[in-house]
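*Asks:* One file is attached below, my_file05.txt, containing compact mmCIF, C-alpha atoms and all ligand atoms.
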```
# COMPACT_ATOMS: atom_id res chain seq x y z
CA MET A 25 165.00 182.99 168.68
CA ALA A 26 163.72 179.70 170.18
CA LYS A 27 160.38 178.52 168.87
CA GLU A 28 157.58 179.11 171.38
CA ILE A 29 155.67 175.86 171.95
CA LYS A 30 151.92 176.31 172.31
CA THR A 31 150.66 172.71 172.12
CA ILE A 32 152.48 169.53 173.13
CA GLY A 33 151.42 166.15 171.77
CA VAL A 34 152.26 163.07 173.83
CA LEU A 35 152.27 159.44 172.68
CA THR A 36 153.43 156.02 173.81
CA SER A 37 154.95 153.67 171.25
CA GLY A 38 156.46 150.17 171.05
CA GLY A 39 156.01 147.71 173.93
CA ASP A 40 154.17 149.14 176.93
CA ALA A 41 156.05 149.53 180.20
CA GLN A 42 155.03 150.22 183.78
CA GLY A 43 155.44 153.92 184.49
CA MET A 44 154.29 155.08 181.04
CA ASN A 45 151.07 156.43 182.62
CA ALA A 46 153.07 158.30 185.25
CA ALA A 47 155.14 159.83 182.43
CA ILE A 48 151.99 160.87 180.50
CA ARG A 49 150.65 162.46 183.69
CA ALA A 50 153.91 164.32 184.34
CA VAL A 51 154.11 165.65 180.77
CA THR A 52 150.46 166.74 180.80
CA ARG A 53 150.37 168.41 184.21
CA CYS A 54 153.76 170.11 183.80
CA ALA A 55 152.82 171.49 180.38
CA LEU A 56 149.38 172.71 181.52
CA ASN A 57 151.00 174.44 184.50
CA LYS A 58 153.22 176.32 182.03
CA GLY A 59 150.19 177.41 179.99
CA ILE A 60 150.91 174.93 177.18
CA LYS A 61 147.99 172.92 175.75
CA VAL A 62 148.30 169.12 175.62
CA LYS A 63 146.96 166.60 173.10
CA GLY A 64 147.12 162.85 173.65
CA ILE A 65 147.89 160.82 170.56
CA VAL A 66 146.21 157.42 170.82
CA ARG A 67 148.04 154.22 169.75
CA GLY A 68 151.40 155.82 168.97
CA TYR A 69 152.34 156.65 165.40
CA SER A 70 149.51 154.43 164.08
CA GLY A 71 146.92 156.54 165.91
CA LEU A 72 148.60 159.69 164.62
CA LEU A 73 148.16 158.45 161.04
CA ASP A 74 144.52 157.62 161.92
CA ASN A 75 143.98 161.13 163.31
CA ASP A 76 143.16 159.64 166.72
CA ILE A 77 143.99 162.58 168.95
CA ILE A 78 142.34 163.68 172.19
CA ASP A 79 142.44 166.81 174.35
CA MET A 80 144.20 166.28 177.67
CA ASP A 81 143.48 168.20 180.83
CA ALA A 82 144.54 167.77 184.43
CA VAL A 83 141.58 165.46 185.08
CA THR A 84 142.25 163.22 182.04
CA VAL A 85 145.45 162.10 183.74
CA GLY A 86 143.90 161.80 187.22
CA ASN A 87 144.23 158.48 188.99
CA ILE A 88 146.61 156.91 186.47
CA ILE A 89 149.90 157.45 188.31
CA HIS A 90 150.01 153.90 189.70
CA LYS A 91 148.31 152.11 186.80
CA GLY A 92 150.27 149.75 184.56
CA GLY A 93 149.85 149.83 180.78
CA THR A 94 149.25 153.11 178.99
CA MET A 95 146.00 155.10 178.95
CA LEU A 96 146.95 156.31 175.46
CA TYR A 97 147.38 152.72 174.23
CA THR A 98 150.43 151.78 172.21
CA ALA A 99 151.17 150.21 168.87
CA ARG A 100 153.83 149.45 166.36
CA CYS A 101 153.40 151.39 163.14
CA PRO A 102 154.64 149.41 160.11
CA GLU A 103 154.07 152.38 157.74
CA PHE A 104 157.02 154.21 159.38
CA ILE A 105 159.38 151.35 158.61
CA ASP A 106 158.07 150.45 155.17
CA PRO A 107 160.86 148.70 153.21
CA ASP A 108 160.30 151.32 150.47
CA PRO A 109 162.02 154.44 151.90
CA ALA A 110 159.80 156.76 149.82
CA LYS A 111 156.64 155.21 151.32
CA ALA A 112 158.08 155.38 154.86
CA GLU A 113 159.03 159.04 154.35
CA ALA A 114 155.56 159.82 152.98
CA ALA A 115 153.92 158.24 156.07
CA ILE A 116 156.18 160.22 158.40
CA LYS A 117 155.42 163.48 156.57
CA ARG A 118 151.69 162.73 156.67
CA ALA A 119 151.91 162.04 160.41
CA ALA A 120 153.71 165.36 160.97
CA ASN A 121 151.09 167.21 158.93
CA ILE A 122 148.24 165.63 160.91
CA ALA A 123 149.95 166.67 164.16
CA LYS A 124 150.36 170.22 162.83
CA ALA A 125 146.69 170.33 161.82
CA HIS A 126 145.89 169.76 165.52
CA GLY A 127 148.18 172.65 166.44
CA ILE A 128 150.86 170.33 167.83
CA ASP A 129 154.24 172.05 167.62
CA GLY A 130 156.07 169.97 170.25
CA LEU A 131 155.93 166.19 170.68
CA VAL A 132 156.95 163.89 173.55
CA VAL A 133 157.50 160.29 172.44
CA ILE A 134 157.62 157.72 175.23
CA GLY A 135 159.11 154.46 173.95
CA GLY A 136 162.26 152.58 173.08
CA ASP A 137 164.98 153.47 170.60
CA GLY A 138 162.79 152.32 167.67
CA SER A 139 160.21 154.92 168.67
CA TRP A 140 162.99 157.50 169.01
CA LYS A 141 163.98 156.87 165.36
CA GLY A 142 160.42 157.72 164.34
CA ALA A 143 160.57 160.89 166.46
CA GLN A 144 163.88 161.88 164.90
CA LYS A 145 162.29 161.69 161.44
CA ILE A 146 159.17 163.64 162.49
CA SER A 147 161.42 166.41 163.84
CA LYS A 148 162.63 167.05 160.29
CA HIS A 149 159.09 168.19 159.40
CA GLY A 150 158.88 171.20 161.68
CA ILE A 151 157.76 169.62 164.97
CA ASN A 152 160.08 169.85 167.97
CA VAL A 153 160.46 166.39 169.49
CA VAL A 154 161.77 164.96 172.75
CA GLY A 155 162.05 161.22 173.46
CA LEU A 156 161.65 159.55 176.85
CA PRO A 157 163.09 156.05 177.45
CA GLY A 158 160.07 153.80 178.01
CA THR A 159 160.85 150.09 177.81
CA ILE A 160 161.25 147.30 180.35
CA ASP A 161 164.39 146.08 178.56
CA LEU A 162 167.02 148.67 179.70
CA ASP A 163 168.47 148.34 176.22
CA ILE A 164 169.14 151.99 175.35
CA ALA A 165 172.84 152.81 175.53
CA CYS A 166 172.63 156.52 176.36
CA THR A 167 170.73 156.02 179.62
CA ASP A 168 171.37 154.11 182.84
CA TYR A 169 167.60 153.73 183.31
CA THR A 170 164.54 153.03 181.16
CA ILE A 171 161.03 153.49 182.56
CA GLY A 172 159.56 150.05 183.38
CA PHE A 173 162.80 148.20 184.07
CA ASP A 174 162.57 148.10 187.86
CA SER A 175 158.98 146.87 187.80
CA ALA A 176 159.81 144.11 185.31
CA VAL A 177 162.82 142.98 187.34
CA SER A 178 160.78 143.01 190.55
CA ILE A 179 158.13 140.76 188.95
CA ALA A 180 160.81 138.40 187.63
CA LEU A 181 162.45 138.28 191.06
CA GLU A 182 159.17 137.50 192.78
CA ALA A 183 158.56 134.68 190.28
CA ILE A 184 162.02 133.26 190.97
CA VAL A 185 161.36 133.34 194.72
CA ARG A 186 158.08 131.44 194.20
CA LEU A 187 159.65 128.94 191.81
CA ARG A 188 162.50 128.33 194.23
CA ASP A 189 160.01 127.05 196.84
CA THR A 190 158.47 124.48 194.54
CA SER A 191 161.82 123.54 192.97
CA ASN A 192 163.30 122.99 196.41
CA SER A 193 160.36 120.86 197.57
CA HIS A 194 160.73 118.62 194.50
CA GLU A 195 164.55 118.89 194.37
CA ARG A 196 164.22 120.10 190.79
CA CYS A 197 166.01 122.44 188.46
CA SER A 198 163.97 125.49 187.43
CA VAL A 199 164.73 127.12 184.10
CA ILE A 200 163.14 130.58 184.09
CA GLU A 201 162.96 132.67 180.92
CA VAL A 202 162.63 136.43 181.34
CA MET A 203 161.98 139.13 178.73
CA GLY A 204 164.61 141.08 176.82
CA ARG A 205 164.48 140.83 173.05
CA HIS A 206 168.17 141.45 172.39
CA CYS A 207 169.33 142.50 175.80
CA GLY A 208 170.18 140.48 178.91
CA GLU A 209 169.76 143.17 181.59
CA ILE A 210 166.48 141.83 183.02
CA ALA A 211 168.05 138.35 183.21
CA ILE A 212 171.19 139.73 184.83
CA TRP A 213 169.35 141.73 187.49
CA ALA A 214 166.73 139.07 188.23
CA GLY A 215 169.36 136.33 188.16
CA LEU A 216 171.79 138.01 190.53
CA THR A 217 169.11 139.16 192.97
CA GLY A 218 167.28 135.80 192.69
CA GLY A 219 170.41 133.80 193.55
CA ALA A 220 170.56 131.99 190.19
CA ASP A 221 173.03 129.17 189.65
CA ALA A 222 173.55 130.49 186.11
CA ILE A 223 172.45 133.48 184.02
CA LEU A 224 172.25 133.05 180.24
CA ILE A 225 172.45 136.24 178.18
CA PRO A 226 172.64 136.90 174.43
CA GLU A 227 175.60 139.28 174.78
CA LYS A 228 177.75 136.41 176.12
CA PRO A 229 176.78 133.32 174.08
CA GLU A 230 179.19 131.17 176.12
CA THR A 231 176.81 131.54 179.11
CA ALA A 232 174.46 129.19 177.21
CA ASP A 233 177.10 126.47 176.79
CA PHE A 234 175.31 123.28 177.90
CA ASP A 235 178.40 121.55 179.32
CA ASN A 236 179.12 124.58 181.49
CA ILE A 237 175.53 124.69 182.79
CA VAL A 238 175.74 120.96 183.62
CA ARG A 239 179.06 121.51 185.42
CA ILE A 240 177.53 124.25 187.60
CA ILE A 241 174.45 122.15 188.41
CA MET A 242 176.51 119.05 189.26
CA GLU A 243 179.04 120.95 191.38
CA ASN A 244 176.25 122.56 193.37
CA ARG A 245 174.39 119.27 193.81
CA ALA A 246 177.63 117.57 194.95
CA ARG A 247 177.95 120.21 197.65
CA GLY A 248 174.44 119.55 198.93
CA LYS A 249 172.21 121.92 196.94
CA LYS A 250 168.71 120.49 196.44
CA ASP A 251 167.45 122.79 193.70
CA ASN A 252 168.83 124.87 190.85
CA ILE A 253 167.73 128.13 189.31
CA ILE A 254 168.82 128.87 185.74
CA VAL A 255 167.72 132.29 184.43
CA VAL A 256 167.55 132.56 180.64
CA SER A 257 167.14 135.79 178.73
CA GLU A 258 164.50 135.80 175.97
CA GLY A 259 167.32 136.79 173.59
CA VAL A 260 168.91 133.37 174.25
CA GLY A 261 165.58 131.49 174.28
CA GLY A 262 165.25 127.70 174.15
CA SER A 263 164.38 127.31 177.83
CA VAL A 264 161.90 124.44 177.28
CA GLU A 265 164.52 122.51 175.31
CA LEU A 266 167.17 123.31 177.92
CA ALA A 267 165.00 121.92 180.74
CA LYS A 268 164.34 118.75 178.72
CA ARG A 269 168.06 118.30 178.04
CA ILE A 270 168.94 118.74 181.70
CA GLN A 271 166.35 116.12 182.68
CA ASN A 272 167.24 113.66 179.93
CA GLU A 273 171.02 113.98 179.98
CA ILE A 274 171.82 114.37 183.68
CA GLY A 275 168.72 112.86 185.23
CA ILE A 276 167.74 115.86 187.34
CA GLU A 277 164.05 116.72 187.09
CA ALA A 278 163.72 120.08 185.38
CA ARG A 279 160.86 122.42 184.51
CA ALA A 280 160.81 125.51 182.31
CA THR A 281 158.74 128.62 183.07
CA ILE A 282 158.49 131.41 180.51
CA LEU A 283 157.38 134.53 182.36
CA GLY A 284 156.43 136.54 179.24
CA HIS A 285 154.13 139.54 179.34
CA VAL A 286 153.33 139.19 183.03
CA GLN A 287 156.55 141.20 183.43
CA ARG A 288 154.97 144.17 181.63
CA GLY A 289 151.81 144.51 183.74
CA GLY A 290 150.68 145.75 187.11
CA MET A 291 151.55 148.65 189.36
CA PRO A 292 154.86 150.38 188.63
CA THR A 293 157.43 150.44 191.42
CA ALA A 294 158.28 153.68 193.20
CA THR A 295 161.52 153.80 191.19
CA ASP A 296 159.59 153.72 187.91
CA VAL A 297 157.11 156.38 188.99
CA LYS A 298 159.97 158.58 190.21
CA HIS A 299 161.92 158.35 186.94
CA ALA A 300 158.74 158.75 184.85
CA SER A 301 157.76 161.91 186.76
CA MET A 302 161.25 163.44 186.64
CA MET A 303 161.80 162.59 182.97
CA GLY A 304 158.30 163.75 181.98
CA THR A 305 158.78 167.19 183.48
CA TYR A 306 162.33 167.37 182.08
CA ALA A 307 160.93 166.72 178.59
CA VAL A 308 158.42 169.57 178.91
CA ASP A 309 161.14 171.92 180.21
CA LEU A 310 163.23 171.05 177.16
CA LEU A 311 160.40 171.74 174.72
CA ALA A 312 159.48 174.96 176.53
CA SER A 313 163.10 176.12 176.17
CA GLY A 314 162.91 175.59 172.39
CA ALA A 315 164.91 172.34 172.30
CA ASN A 316 164.37 169.92 169.42
CA ASN A 317 165.52 166.41 168.46
CA ARG A 318 166.52 165.59 172.06
CA VAL A 319 166.10 162.61 174.37
CA VAL A 320 166.03 162.54 178.15
CA ALA A 321 168.42 160.14 179.88
CA TYR A 322 169.53 159.25 183.40
CA LYS A 323 173.30 159.17 183.59
CA ASN A 324 175.50 158.84 186.68
CA GLY A 325 172.62 159.82 188.96
CA GLN A 326 171.61 162.91 186.97
CA TYR A 327 168.90 163.64 184.40
CA VAL A 328 170.54 164.82 181.20
CA ASP A 329 169.58 165.21 177.55
CA TYR A 330 171.25 164.28 174.29
CA ASP A 331 170.74 164.93 170.64
CA ILE A 332 168.73 161.93 169.31
CA ASP A 333 171.29 161.15 166.58
CA GLU A 334 174.10 161.16 169.15
CA ALA A 335 172.04 159.04 171.59
CA LEU A 336 171.18 156.44 168.96
CA ALA A 337 174.86 156.07 167.99
CA MET A 338 175.98 155.31 171.55
CA LYS A 339 177.10 151.81 172.58
CA ARG A 340 177.20 150.29 176.05
CA PRO A 341 178.13 146.79 177.19
CA PRO A 342 175.64 145.05 179.48
CA SER A 343 176.34 144.70 183.21
CA PHE A 344 179.07 142.08 182.88
CA ASP A 345 180.28 143.01 186.37
CA MET A 346 176.99 141.65 187.75
CA VAL A 347 177.36 138.46 185.71
CA GLU A 348 180.86 138.04 187.17
CA CYS A 349 179.58 138.81 190.65
CA ASN A 350 176.93 136.12 190.27
CA ARG A 351 179.47 133.63 189.00
CA SER A 352 181.63 134.21 192.08
CA ILE A 353 178.79 133.58 194.55
CA SER A 354 176.55 131.08 192.77
CA THR A 355 178.58 127.98 193.56
CA TYR A 356 179.16 126.58 197.05
CA ARG A 357 182.77 126.28 198.21
P1 LIG B 1 160.64 150.37 170.69
O1 LIG B 1 160.26 151.79 170.58
O2 LIG B 1 160.20 149.76 171.98
O3 LIG B 1 162.10 150.12 170.37
P2 LIG B 1 159.92 149.28 168.08
O4 LIG B 1 161.32 149.03 167.67
O5 LIG B 1 158.90 148.24 167.79
O6 LIG B 1 159.76 149.54 169.65
O7 LIG B 1 159.47 150.67 167.41
C1 LIG B 1 158.19 151.21 167.63
C2 LIG B 1 157.76 151.92 166.38
O8 LIG B 1 158.66 153.01 166.12
C3 LIG B 1 157.77 151.09 165.11
O9 LIG B 1 156.61 150.32 164.94
C4 LIG B 1 157.85 152.17 164.04
O10 LIG B 1 156.60 152.74 163.82
C5 LIG B 1 158.75 153.21 164.71
N1 LIG B 1 160.14 152.99 164.25
C6 LIG B 1 160.99 152.00 164.61
N2 LIG B 1 162.14 152.07 163.93
C7 LIG B 1 162.01 153.12 163.08
C8 LIG B 1 162.85 153.71 162.08
N3 LIG B 1 164.07 153.24 161.80
N4 LIG B 1 162.37 154.80 161.42
C9 LIG B 1 161.15 155.30 161.68
N5 LIG B 1 160.31 154.79 162.60
C10 LIG B 1 160.73 153.72 163.30
O1 LIG B 2 160.87 145.58 174.19
C1 LIG B 2 160.11 145.15 175.28
C2 LIG B 2 159.66 143.75 175.07
O2 LIG B 2 158.87 143.39 176.18
C3 LIG B 2 160.76 142.72 174.83
O3 LIG B 2 161.38 142.32 176.02
C4 LIG B 2 160.01 141.64 174.12
O4 LIG B 2 160.83 140.87 173.29
C5 LIG B 2 159.04 142.41 173.27
O5 LIG B 2 158.83 143.66 173.92
C6 LIG B 2 157.74 141.70 173.08
O6 LIG B 2 156.90 142.53 172.39
P1 LIG B 2 155.37 142.22 171.99
O7 LIG B 2 154.58 143.27 172.68
O8 LIG B 2 155.34 142.39 170.52
O9 LIG B 2 155.06 140.83 172.43
```
As structure tokens, please, write out the structure in this file.
Ligand code: ADP
Ligand code: F6P
*Replies:*
Amino acid sequence: MAKEIKTIGVLTSGGDAQGMNAAIRAVTRCALNKGIKVKGIVRGYSGLLDNDIIDMDAVTVGNIIHKGGTMLYTARCPEFIDPDPAKAEAAIKRAANIAKAHGIDGLVVIGGDGSWKGAQKISKHGINVVGLPGTIDLDIACTDYTIGFDSAVSIALEAIVRLRDTSNSHERCSVIEVMGRHCGEIAIWAGLTGGADAILIPEKPETADFDNIVRIIMENRARGKKDNIIVVSEGVGGSVELAKRIQNEIGIEARATILGHVQRGGMPTATDVKHASMMGTYAVDLLASGANNRVVAYKNGQYVDYDIDEALAMKRPPSFDMVECNRSISTYR
């Protein structure tokens, strides 16, 4: 018989992302409406180890739906990834025992695939877990959407639009670095929608080939273009050096702008709040049905769930079709 969940713990872990608050609200309200108690775990797995756990009611999550950041705070917890496997396992067991001492028998973890690995290990200690994809990077293979992505891309796009004005006025080249630790999706989406001359992503190292970038810039200038926009993914990096090289080697004034954490703040877009709300309630439904070791994903327009182990083993190439699309429209003919 499926385990009956009486108390759900909810935490946010890893880098924050717009929409995390909307997800916390959805989990809390949906669980309370089913008669399940809710505890908020502060500062992710670190707060769990510190016993930093609060009671959540419908009012606790009032007025957070459109707020960026996470009301539960977030952290990275080095104890869970201690190089000594015995120490890491001991920390995970201790965390599970602390959760149990608070009556938590189900846990919703909102974070990236690193946070899901922590959840997977906690599930082995008698707590049913469900992961939600919360990261601006869109770097989790099992899902077509991660909470925060649309907001981050929208901020990057707005920055490109602003930079285009000043670049055009000065007839400069703008090199714009966007976030994405190992994954080029933010660069691809912001680059295509921002009309970039070139998009540099870590998954295709040849996109960072200097001679190719110069060729694109020179061809576009020869056809009358007054400014250039080069979007660089954080995973490629080196945007300051690239701007200097462009200026020094081809004589076109160039400036680098690293957008950084500005992409992680502010009001979530409607898309993020929608996914956060739908995924949050889906997670509670899963736990209420007795599910364990699952993650919620958005696949082909539907909300689905996978076993965490299966989800973590999945692979997906980035949106190369969008890179190709950009290539075919970014040069004047
Ligand atoms: P994200 O969740 O955004 O991918 P991280 O990779 O930084 O962010 O992971 C967040 C936290 O999840 C880590 O600080 C650690 O506590 C936990 N975690 C990450 N990887 C593992 C792992 N392999 N095993 C157990 N816990 C992990
Ligand atoms: O994973 C999300 C992300 O914003 C990455 O794009 C970036 O590399 C990283 O987090 C930065 O994390 P921190 O919060 O440690 O600066």
*Asks:* Using Å and a single decimal, report how far atom CA of Ala214 of chain A sits from atom CA of Gly248 of chain A.
*Replies:*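 Atom-to-atom, atom CA of Gly248 of chain A to atom CA of Ala214 of chain A, that is 23.6 Å.
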*Asks:* Ligand LIG 1 (chain B): which residues are within 9 Å, counting all atoms listed in the file, as JSON, numbers by chain?
*Replies:* {"A": [36, 37, 38, 39, 40, 68, 69, 70, 99, 100, 101, 102, 103, 104, 105, 106, 112, 113, 116, 134, 135, 136, 137, 138, 139, 140, 141, 142, 143, 144, 145, 146, 157, 158, 159, 160, 161, 163, 164]}
*Asks:* Which of these residues is nearest to Thr167 of chain A, using only C-alpha atoms: A:Ala119, A:Ile29, A:Met338, A:Ala180?
*Replies:* A:Met338
*Asks:* List as number ranges by chain the protein and nucleic acid residues near Pro292 of chain A, meaning an atom at most 9 Å away when all atoms listed in the file are counted, but skip any in the same chain fewer than 5 places from it.
*Replies:* A: 41-44, 46, 89-92, 172, 174-176, 297
*Asks:* Would you save the residues of that selection, restricted to C-alpha atoms, as a PDB file, in the frame of the given file?
*Replies:*
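Everything below was put into selection-v8.pdb:
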```pdb
ATOM      1  CA  ALA A  41     156.050 149.530 180.200  1.00  0.00           C
ATOM      2  CA  GLN A  42     155.030 150.220 183.780  1.00  0.00           C
ATOM      3  CA  GLY A  43     155.440 153.920 184.490  1.00  0.00           C
ATOM      4  CA  MET A  44     154.290 155.080 181.040  1.00  0.00           C
ATOM      5  CA  ALA A  46     153.070 158.300 185.250  1.00  0.00           C
ATOM      6  CA  ILE A  89     149.900 157.450 188.310  1.00  0.00           C
ATOM      7  CA  HIS A  90     150.010 153.900 189.700  1.00  0.00           C
ATOM      8  CA  LYS A  91     148.310 152.110 186.800  1.00  0.00           C
ATOM      9  CA  GLY A  92     150.270 149.750 184.560  1.00  0.00           C
ATOM     10  CA  GLY A 172     159.560 150.050 183.380  1.00  0.00           C
ATOM     11  CA  ASP A 174     162.570 148.100 187.860  1.00  0.00           C
ATOM     12  CA  SER A 175     158.980 146.870 187.800  1.00  0.00           C
ATOM     13  CA  ALA A 176     159.810 144.110 185.310  1.00  0.00           C
ATOM     14  CA  VAL A 297     157.110 156.380 188.990  1.00  0.00           C
TER      15      VAL A 297
END
```
*Asks:* Find the spatial neighbours of Val177 of chain A, counting only C-alpha atoms, within a cut-off of 12 Å - ignore same-chain residues fewer than 3 positions away - and output them as a PyMOL selection string.
*Replies:* chain A and resi 41-42+160-162+170-174+180-184+202-204+208-218+283+286-289+292-293+295-296
*Asks:* Could you give me, as a ChimeraX atom specification, the residues within 12 Å of Gly262 of chain A, counting all atoms listed in the file and dropping anything in the same chain fewer than 2 positions from it?
*Replies:* /A:199-202,224-226,232,234,255-260,264-269,280-282
*Asks:* Identify, on the basis of all atoms listed in the file, every residue whose closest approach to His149 of chain A does not exceed 7 Å; exclude the query and any residue fewer than 2 positions from it along the same chain; express the result as a VMD selection string.
*Replies:* chain A and resid 117 120 146 to 147 151
*Asks:* Can you write out as JSON lines which residues of segment 156-203 of chain A fall within 6 Å of segment 312-333 of chain A, alongside each residue's closest atom pair and its distance in Å to one decimal, counting only C-alpha atoms and ordering rows by chain and ascending residue number?
*Replies:*
```
{"residue": "A:Leu156", "atom": "CA", "partner": "A:Val320", "partner_atom": "CA", "distance": 5.5}
{"residue": "A:Thr167", "atom": "CA", "partner": "A:Ala321", "partner_atom": "CA", "distance": 4.7}
{"residue": "A:Asp168", "atom": "CA", "partner": "A:Lys323", "partner_atom": "CA", "distance": 5.5}
{"residue": "A:Tyr169", "atom": "CA", "partner": "A:Tyr322", "partner_atom": "CA", "distance": 5.8}
```
*Asks:* Using only C-alpha atoms and all ligand atoms, can you tell me which of A:Ile179, A:Ile77, A:Cys207, A:Ala307 comes closest to ligand LIG 2 (chain B)?
*Replies:*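 Of A:Ile179, A:Ile77, A:Cys207, A:Ala307, the one nearest ligand LIG 2 (chain B), counting only C-alpha atoms and all ligand atoms, is A:Cys207.
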*Asks:* When you count all atoms listed in the file, which of these residues is closest to Val51 of chain A: A:Gly284, A:Gly150, A:Gly64, A:Pro107?
*Replies:* A:Gly64
*Asks:* So what do you get for atom C2 of ligand LIG 2 (chain B) versus atom CA of Gly93 of chain A, distance-wise?
*Replies:*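 For atom C2 of ligand LIG 2 (chain B) relative to atom CA of Gly93 of chain A, the distance reads 12.9 Å.
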*Asks:* Using all atoms listed in the file for the distances, tell me which of A:Leu72, A:Met291, A:Cys166, A:Ala222 is nearest to Arg351 of chain A.
*Replies:*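 Ranking A:Leu72, A:Met291, A:Cys166, A:Ala222 by distance to Arg351 of chain A, first place goes to A:Ala222.
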*Asks:* Do you have the atom CA of Ser178 of chain A-atom CA of Asp233 of chain A distance handy?
*Replies:*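 Pair atom CA of Ser178 of chain A / atom CA of Asp233 of chain A returns 27.0 Å.
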*Asks:* Could you check the closest approach to ligand LIG 2 (chain B) for each of A:Arg118, A:His206, A:Lys61, A:Lys148 and tell me which residue wins, using all atoms listed in the file?
*Replies:*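 Checking each candidate against ligand LIG 2 (chain B), we get A:His206 as the closest.
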*Asks:* Residues at most 12 Å from Ile270 of chain A, counting all atoms listed in the file, excluding those fewer than 4 positions away in the same chain, as a ChimeraX atom specification?
*Replies:* /A:196-199,234-242,252,254,263-266,274-280
*Asks:* Given the choices A:Ile253, A:Lys228, A:Val132, A:Asp221, which gets closest to Leu187 of chain A if the distance is worked out from all atoms listed in the file?
*Replies:* A:Ile253
